[in-house]
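Next up, run-v2.cif (mmCIF, C-alpha atoms and all ligand atoms; chains and numbers go by the auth columns):
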```cif
data_run
#
loop_
_atom_site.group_PDB
_atom_site.id
_atom_site.type_symbol
_atom_site.label_atom_id
_atom_site.label_comp_id
_atom_site.label_asym_id
_atom_site.label_seq_id
_atom_site.Cartn_x
_atom_site.Cartn_y
_atom_site.Cartn_z
_atom_site.B_iso_or_equiv
_atom_site.auth_seq_id
_atom_site.auth_asym_id
ATOM 1 C CA MET A 1 88.127 68.512 116.452 0.00 1 A
ATOM 2 C CA GLN A 2 90.041 68.313 113.178 0.00 2 A
ATOM 3 C CA ILE A 3 90.818 71.259 110.942 0.00 3 A
ATOM 4 C CA ALA A 4 88.284 71.327 108.109 0.00 4 A
ATOM 5 C CA LYS A 5 86.595 73.992 106.015 0.00 5 A
ATOM 6 C CA ASN A 6 84.959 76.652 108.199 0.00 6 A
ATOM 7 C CA THR A 7 86.718 75.727 111.421 0.00 7 A
ATOM 8 C CA ALA A 8 88.299 78.571 113.427 0.00 8 A
ATOM 9 C CA VAL A 9 91.932 77.675 114.068 0.00 9 A
ATOM 10 C CA GLN A 10 94.684 79.149 116.227 0.00 10 A
ATOM 11 C CA ILE A 11 98.285 78.432 115.291 0.00 11 A
ATOM 12 C CA ASN A 12 101.770 79.436 116.289 0.00 12 A
ATOM 13 C CA TYR A 13 104.102 79.562 113.339 0.00 13 A
ATOM 14 C CA THR A 14 107.580 80.437 112.154 0.00 14 A
ATOM 15 C CA LEU A 15 108.221 81.157 108.491 0.00 15 A
ATOM 16 C CA LYS A 16 111.705 80.789 107.013 0.00 16 A
ATOM 17 C CA ASN A 17 113.067 81.192 103.514 0.00 17 A
ATOM 18 C CA ASP A 18 115.404 78.788 101.697 0.00 18 A
ATOM 19 C CA ALA A 19 118.389 80.428 103.353 0.00 19 A
ATOM 20 C CA GLY A 20 116.941 79.639 106.791 0.00 20 A
ATOM 21 C CA GLU A 21 116.250 83.288 107.643 0.00 21 A
ATOM 22 C CA VAL A 22 113.133 83.920 109.740 0.00 22 A
ATOM 23 C CA LEU A 23 110.726 86.050 107.676 0.00 23 A
ATOM 24 C CA ASP A 24 107.807 86.035 110.063 0.00 24 A
ATOM 25 C CA SER A 25 106.807 84.407 113.323 0.00 25 A
ATOM 26 C CA SER A 26 104.032 84.494 115.889 0.00 26 A
ATOM 27 C CA GLU A 27 106.611 83.872 118.627 0.00 27 A
ATOM 28 C CA GLY A 28 106.407 86.489 121.358 0.00 28 A
ATOM 29 C CA GLY A 29 102.927 87.540 120.257 0.00 29 A
ATOM 30 C CA GLU A 30 99.498 85.964 120.312 0.00 30 A
ATOM 31 C CA PRO A 31 98.753 82.952 118.074 0.00 31 A
ATOM 32 C CA LEU A 32 97.348 83.630 114.618 0.00 32 A
ATOM 33 C CA ALA A 33 93.624 82.889 114.317 0.00 33 A
ATOM 34 C CA TYR A 34 92.201 82.092 110.893 0.00 34 A
ATOM 35 C CA LEU A 35 89.197 80.567 109.195 0.00 35 A
ATOM 36 C CA GLN A 36 90.121 77.397 107.287 0.00 36 A
ATOM 37 C CA GLY A 37 89.041 77.229 103.634 0.00 37 A
ATOM 38 C CA ASN A 38 88.407 80.944 103.193 0.00 38 A
ATOM 39 C CA GLY A 39 91.644 82.137 101.652 0.00 39 A
ATOM 40 C CA ASN A 40 92.933 83.614 104.934 0.00 40 A
ATOM 41 C CA LEU A 41 96.190 81.659 104.524 0.00 41 A
ATOM 42 C CA ILE A 42 98.211 80.764 101.438 0.00 42 A
ATOM 43 C CA PRO A 43 96.792 77.641 99.722 0.00 43 A
ATOM 44 C CA GLY A 44 99.764 75.364 100.496 0.00 44 A
ATOM 45 C CA LEU A 45 99.545 76.034 104.227 0.00 45 A
ATOM 46 C CA GLU A 46 95.777 75.434 104.395 0.00 46 A
ATOM 47 C CA LYS A 47 96.284 72.162 102.529 0.00 47 A
ATOM 48 C CA ALA A 48 98.998 71.029 104.982 0.00 48 A
ATOM 49 C CA LEU A 49 96.828 71.871 108.003 0.00 49 A
ATOM 50 C CA GLU A 50 93.661 70.136 106.774 0.00 50 A
ATOM 51 C CA GLY A 51 92.803 67.254 109.160 0.00 51 A
ATOM 52 C CA LYS A 52 95.250 68.323 111.900 0.00 52 A
ATOM 53 C CA GLN A 53 94.120 68.955 115.474 0.00 53 A
ATOM 54 C CA ALA A 54 95.143 70.846 118.616 0.00 54 A
ATOM 55 C CA GLY A 55 98.587 69.697 119.769 0.00 55 A
ATOM 56 C CA ASP A 56 99.796 68.691 116.301 0.00 56 A
ATOM 57 C CA ALA A 57 103.028 70.217 115.007 0.00 57 A
ATOM 58 C CA ILE A 58 104.054 70.173 111.356 0.00 58 A
ATOM 59 C CA ASN A 59 106.964 71.297 109.214 0.00 59 A
ATOM 60 C CA VAL A 60 105.984 72.041 105.640 0.00 60 A
ATOM 61 C CA THR A 61 107.794 73.338 102.556 0.00 61 A
ATOM 62 C CA ILE A 62 105.588 75.262 100.160 0.00 62 A
ATOM 63 C CA PRO A 63 106.555 76.058 96.548 0.00 63 A
ATOM 64 C CA PRO A 64 105.860 79.579 95.184 0.00 64 A
ATOM 65 C CA GLU A 65 102.887 78.299 93.162 0.00 65 A
ATOM 66 C CA GLU A 66 101.082 77.440 96.417 0.00 66 A
ATOM 67 C CA ALA A 67 102.427 80.444 98.321 0.00 67 A
ATOM 68 C CA TYR A 68 102.674 84.011 96.965 0.00 68 A
ATOM 69 C CA GLY A 69 103.005 83.071 93.309 0.00 69 A
ATOM 70 C CA VAL A 70 105.590 83.317 90.603 0.00 70 A
ATOM 71 C CA SER A 71 106.641 86.846 89.766 0.00 71 A
ATOM 72 C CA ASP A 72 104.961 88.400 86.758 0.00 72 A
ATOM 73 C CA ALA A 73 107.273 90.480 84.552 0.00 73 A
ATOM 74 C CA THR A 74 104.384 92.678 83.427 0.00 74 A
ATOM 75 C CA LEU A 75 104.095 93.972 87.003 0.00 75 A
ATOM 76 C CA ILE A 76 107.626 95.400 86.839 0.00 76 A
ATOM 77 C CA GLN A 77 107.487 98.829 85.262 0.00 77 A
ATOM 78 C CA ASP A 78 109.665 101.838 84.592 0.00 78 A
ATOM 79 C CA VAL A 79 107.804 105.014 85.445 0.00 79 A
ATOM 80 C CA PRO A 80 108.962 108.581 84.845 0.00 80 A
ATOM 81 C CA ARG A 81 110.367 110.339 87.880 0.00 81 A
ATOM 82 C CA SER A 82 107.736 113.038 87.306 0.00 82 A
ATOM 83 C CA ALA A 83 105.088 110.518 88.462 0.00 83 A
ATOM 84 C CA PHE A 84 106.594 110.820 91.944 0.00 84 A
ATOM 85 C CA GLU A 85 106.243 114.585 92.060 0.00 85 A
ATOM 86 C CA GLY A 86 106.325 115.883 95.613 0.00 86 A
ATOM 87 C CA ILE A 87 108.192 112.857 96.962 0.00 87 A
ATOM 88 C CA LYS A 88 111.790 113.606 97.830 0.00 88 A
ATOM 89 C CA ASP A 89 114.606 111.095 98.124 0.00 89 A
ATOM 90 C CA ILE A 90 113.095 108.068 96.439 0.00 90 A
ATOM 91 C CA GLU A 91 115.037 105.008 97.526 0.00 91 A
ATOM 92 C CA VAL A 92 115.110 101.310 96.692 0.00 92 A
ATOM 93 C CA GLY A 93 112.746 99.451 99.004 0.00 93 A
ATOM 94 C CA MET A 94 110.177 102.249 99.395 0.00 94 A
ATOM 95 C CA GLN A 95 106.594 101.114 98.894 0.00 95 A
ATOM 96 C CA PHE A 96 103.727 103.000 97.300 0.00 96 A
ATOM 97 C CA HIS A 97 100.091 102.303 96.578 0.00 97 A
ATOM 98 C CA ALA A 98 99.488 102.476 92.854 0.00 98 A
ATOM 99 C CA GLU A 99 96.721 101.857 90.358 0.00 99 A
ATOM 100 C CA SER A 100 97.613 99.096 87.915 0.00 100 A
ATOM 101 C CA ASN A 101 95.960 97.038 85.195 0.00 101 A
ATOM 102 C CA HIS A 102 95.178 94.559 87.961 0.00 102 A
ATOM 103 C CA GLY A 103 93.585 97.122 90.289 0.00 103 A
ATOM 104 C CA PRO A 104 95.165 98.861 93.281 0.00 104 A
ATOM 105 C CA ARG A 105 98.287 97.205 94.602 0.00 105 A
ATOM 106 C CA THR A 106 101.416 97.909 96.581 0.00 106 A
ATOM 107 C CA VAL A 107 104.529 98.434 94.503 0.00 107 A
ATOM 108 C CA THR A 108 108.117 98.396 95.709 0.00 108 A
ATOM 109 C CA VAL A 109 110.856 100.602 94.248 0.00 109 A
ATOM 110 C CA THR A 110 113.575 98.282 92.905 0.00 110 A
ATOM 111 C CA LYS A 111 115.773 100.717 90.959 0.00 111 A
ATOM 112 C CA VAL A 112 116.217 104.483 90.988 0.00 112 A
ATOM 113 C CA GLY A 113 117.479 106.012 87.722 0.00 113 A
ATOM 114 C CA THR A 114 118.036 109.611 86.675 0.00 114 A
ATOM 115 C CA ASP A 115 114.813 109.886 84.713 0.00 115 A
ATOM 116 C CA THR A 116 112.970 106.717 85.550 0.00 116 A
ATOM 117 C CA ILE A 117 112.089 104.748 88.647 0.00 117 A
ATOM 118 C CA THR A 118 111.559 100.990 88.417 0.00 118 A
ATOM 119 C CA VAL A 119 108.714 99.634 90.516 0.00 119 A
ATOM 120 C CA ASP A 120 107.713 96.017 91.118 0.00 120 A
ATOM 121 C CA GLY A 121 104.066 95.160 91.848 0.00 121 A
ATOM 122 C CA ASN A 122 104.748 91.524 92.697 0.00 122 A
ATOM 123 C CA HIS A 123 104.316 90.302 96.261 0.00 123 A
ATOM 124 C CA PRO A 124 107.639 90.632 98.134 0.00 124 A
ATOM 125 C CA LEU A 125 107.559 86.851 98.699 0.00 125 A
ATOM 126 C CA ALA A 126 106.824 85.964 95.047 0.00 126 A
ATOM 127 C CA ASP A 127 109.145 83.229 93.683 0.00 127 A
ATOM 128 C CA GLN A 128 110.096 82.128 97.199 0.00 128 A
ATOM 129 C CA THR A 129 109.835 78.624 98.542 0.00 129 A
ATOM 130 C CA LEU A 130 108.559 78.964 102.095 0.00 130 A
ATOM 131 C CA HIS A 131 109.300 76.752 105.067 0.00 131 A
ATOM 132 C CA PHE A 132 106.733 76.800 107.862 0.00 132 A
ATOM 133 C CA ALA A 133 106.926 75.263 111.310 0.00 133 A
ATOM 134 C CA VAL A 134 103.394 75.294 112.695 0.00 134 A
ATOM 135 C CA GLN A 135 101.845 74.222 115.995 0.00 135 A
ATOM 136 C CA VAL A 136 98.089 73.888 116.172 0.00 136 A
ATOM 137 C CA ILE A 137 96.846 75.512 119.383 0.00 137 A
ATOM 138 C CA ASP A 138 93.070 75.321 119.064 0.00 138 A
ATOM 139 C CA VAL A 139 90.370 74.211 116.629 0.00 139 A
ATOM 140 C CA ARG A 140 86.683 75.046 117.040 0.00 140 A
ATOM 141 C CA ALA A 141 83.595 75.510 114.908 0.00 141 A
ATOM 142 C CA ALA A 142 83.327 79.065 113.599 0.00 142 A
ATOM 143 C CA SER A 143 80.356 81.237 114.600 0.00 143 A
ATOM 144 C CA LYS A 144 77.736 82.310 112.056 0.00 144 A
ATOM 145 C CA GLU A 145 79.080 85.840 112.270 0.00 145 A
ATOM 146 C CA GLU A 146 82.639 84.715 111.570 0.00 146 A
ATOM 147 C CA LEU A 147 81.473 82.672 108.590 0.00 147 A
ATOM 148 C CA SER A 148 79.589 85.638 107.145 0.00 148 A
ATOM 149 C CA HIS A 149 82.677 87.854 107.576 0.00 149 A
ATOM 150 C CA GLY A 150 85.099 85.239 106.241 0.00 150 A
ATOM 151 C CA HIS A 151 87.502 85.632 109.172 0.00 151 A
ATOM 152 C CA VAL A 152 87.903 84.783 112.849 0.00 152 A
ATOM 153 C CA HIS A 153 87.032 87.190 115.675 0.00 153 A
ATOM 154 C CA GLY A 154 88.725 87.488 119.075 0.00 154 A
ATOM 155 C CA PRO A 155 92.318 86.784 120.134 0.00 155 A
ATOM 156 C CA GLY A 156 94.642 86.580 117.146 0.00 156 A
ATOM 157 C CA GLY A 157 91.791 87.385 114.757 0.00 157 A
ATOM 158 C CA HIS A 158 89.878 90.513 113.815 0.00 158 A
ATOM 159 C CA HIS A 159 88.719 92.989 116.424 0.00 159 A
ATOM 160 C CA HIS A 160 85.796 95.131 115.325 0.00 160 A
HETATM 161 ZN ZN ZN B . 84.433 90.290 111.284 0.00 201 B
#
```
What's the structure tokens form of this structure?
Amino acid sequence: MQIAKNTAVQINYTLKNDAGEVLDSSEGGEPLAYLQGNGNLIPGLEKALEGKQAGDAINVTIPPEEAYGVSDATLIQDVPRSAFEGIKDIEVGMQFHAESNHGPRTVTVTKVGTDTITVDGNHPLADQTLHFAVQVIDVRAASKEELSHGHVHGPGGHHH
């Protein structure tokens, strides 16, 4: 069976950045299970996998526009230190959940000043070109329940 919209797919993958550093990998764990065509994966990866079948292996380079997006300067904000009342030792790299104009999102501290803290609400992989090596392990039709949930159940998928 070929990968098409609403098929349940299992893949092994390794994700590297432009510098060749491994950012994420399924190696050593169970394969990732996802539902094709439902936004489970970044758009560029779903596009590259469309039509592939079990046993296929692909290497694909995905530009930021089809991955985690281009960073948005309006999501980088200076906030007064007083907004972090009760939190000691704020350091670069710490992540917080915050309310923003775009709804709740995770922000990362990028600069710690005397009076202000700079936080960035962009995805940590924004602006990055991603290099995926993917092996397709299994492709099957999704169940009605999986389709109604928009994700795959069982190994590598959701357990609930
Ligand atoms: Zn579910």
Please write out the residues within 8 Å of ligand ZN 201 (chain B) as a PyMOL selection string, counting all atoms listed in the file. chain A and resi 145-146+148-153+158-160
In terms of the shortest atom-to-atom distance over only C-alpha atoms, which of A:Asn40, A:Thr108, A:Asn59, A:Gln53 is closest to Leu15 (chain A)? A:Asn59
I would like the residues chosen by the PyMOL selection byres (((chain A and resi 111) around 10) and not hetatm) on the shown file; could you give them as a list in words?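 For this structure, the PyMOL selection byres (((chain A and resi 111) around 10) and not hetatm) captures Asp78, Ile90, Glu91, Val92, Gly93, Thr108, Val109, Thr110, Val112, Gly113, Thr116, Ile117, Thr118, Val119 and Asp120 of chain A.
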If the PyMOL selection byres (((chain A and resi 72) around 12) and not hetatm) were run on this exact file, what residues would it hold? Put them as a short mmCIF file (atom, residue, chain, number, x, y, z; two decimals) with C-alpha atoms, in the coordinates of the input.
```
data_model
loop_
_atom_site.label_atom_id
_atom_site.label_comp_id
_atom_site.auth_asym_id
_atom_site.auth_seq_id
_atom_site.Cartn_x
_atom_site.Cartn_y
_atom_site.Cartn_z
CA TYR A 68 102.67 84.01 96.96
CA GLY A 69 103.00 83.07 93.31
CA VAL A 70 105.59 83.32 90.60
CA SER A 71 106.64 86.85 89.77
CA ALA A 73 107.27 90.48 84.55
CA THR A 74 104.38 92.68 83.43
CA LEU A 75 104.10 93.97 87.00
CA ILE A 76 107.63 95.40 86.84
CA GLN A 77 107.49 98.83 85.26
CA HIS A 102 95.18 94.56 87.96
CA ASP A 120 107.71 96.02 91.12
CA GLY A 121 104.07 95.16 91.85
CA ASN A 122 104.75 91.52 92.70
CA HIS A 123 104.32 90.30 96.26
CA PRO A 124 107.64 90.63 98.13
CA ALA A 126 106.82 85.96 95.05
CA ASP A 127 109.14 83.23 93.68
#
```
Counting only C-alpha atoms, figure out which residue out of A:Lys16, A:Lys52, A:Lys47, A:Arg81 gets nearest to Met1 (chain A).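 Distance minimum relative to Met1 (chain A) lands on A:Lys52.
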List as a list in words the protein and nucleic acid residues near Glu21 (chain A), meaning an atom at most 12 Å away when only C-alpha atoms are counted, but skip any in the same chain fewer than 6 places from it.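 My list of contacting residues is Thr14, Leu15, Leu130, His131 and Phe132 of chain A.
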So which one's closest to Asn38 (chain A), A:Ala133, A:Ala19, A:Ala8, A:Ala57? Using all atoms listed in the file, please. A:Ala8
Tell me, in Å to one decimal, how far CA of Gly156 (chain A) is from CA of Val9 (chain A). 9.8 Å
Shell around Thr106 (chain A) at 8 Å using all atoms listed in the file, local window under 3 positions removed, as a short mmCIF file (atom, residue, chain, number, x, y, z; two decimals) with C-alpha atoms, in the coordinates of the input:
```
data_model
loop_
_atom_site.label_atom_id
_atom_site.label_comp_id
_atom_site.auth_asym_id
_atom_site.auth_seq_id
_atom_site.Cartn_x
_atom_site.Cartn_y
_atom_site.Cartn_z
CA GLN A 95 106.59 101.11 98.89
CA PHE A 96 103.73 103.00 97.30
CA HIS A 97 100.09 102.30 96.58
CA ALA A 98 99.49 102.48 92.85
CA GLY A 121 104.07 95.16 91.85
#
```
If you measure from CA of Gly20 (chain A) to CA of Met94 (chain A), what distance in Å do you get, rounded to one decimal?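 Atom-to-atom, CA of Gly20 (chain A) and CA of Met94 (chain A) are spaced 24.7 Å apart.
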Hey, can you check how far CA of Ala141 (chain A) sits from CA of Glu65 (chain A)? 29.2 Å
I need the residue nearest Asp18 (chain A) from this list: A:Gln2, A:Val136, A:Pro64, A:Val79. Use only C-alpha atoms for the distance.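 Among the listed residues, A:Pro64 lies closest to Asp18 (chain A).
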Which residues match the PyMOL selection byres (((chain A and resi 135) around 8) and not hetatm) in the file above, as a list of chain:residue names? A:Ile11, A:Asn12, A:Tyr13, A:Ala54, A:Gly55, A:Asp56, A:Ala57, A:Ile58, A:Ala133, A:Val134, A:Val136, A:Ile137
Protein and nucleic acid residues near (88.8, 78.3, 115.8) (cut-off 9 Å, only C-alpha atoms) as a list in words: Ile3, Asn6, Thr7, Ala8, Val9, Gln10, Ala33, Tyr34, Leu35, Gln36, Asp138, Val139, Arg140, Ala141, Ala142 and Val152 of chain A
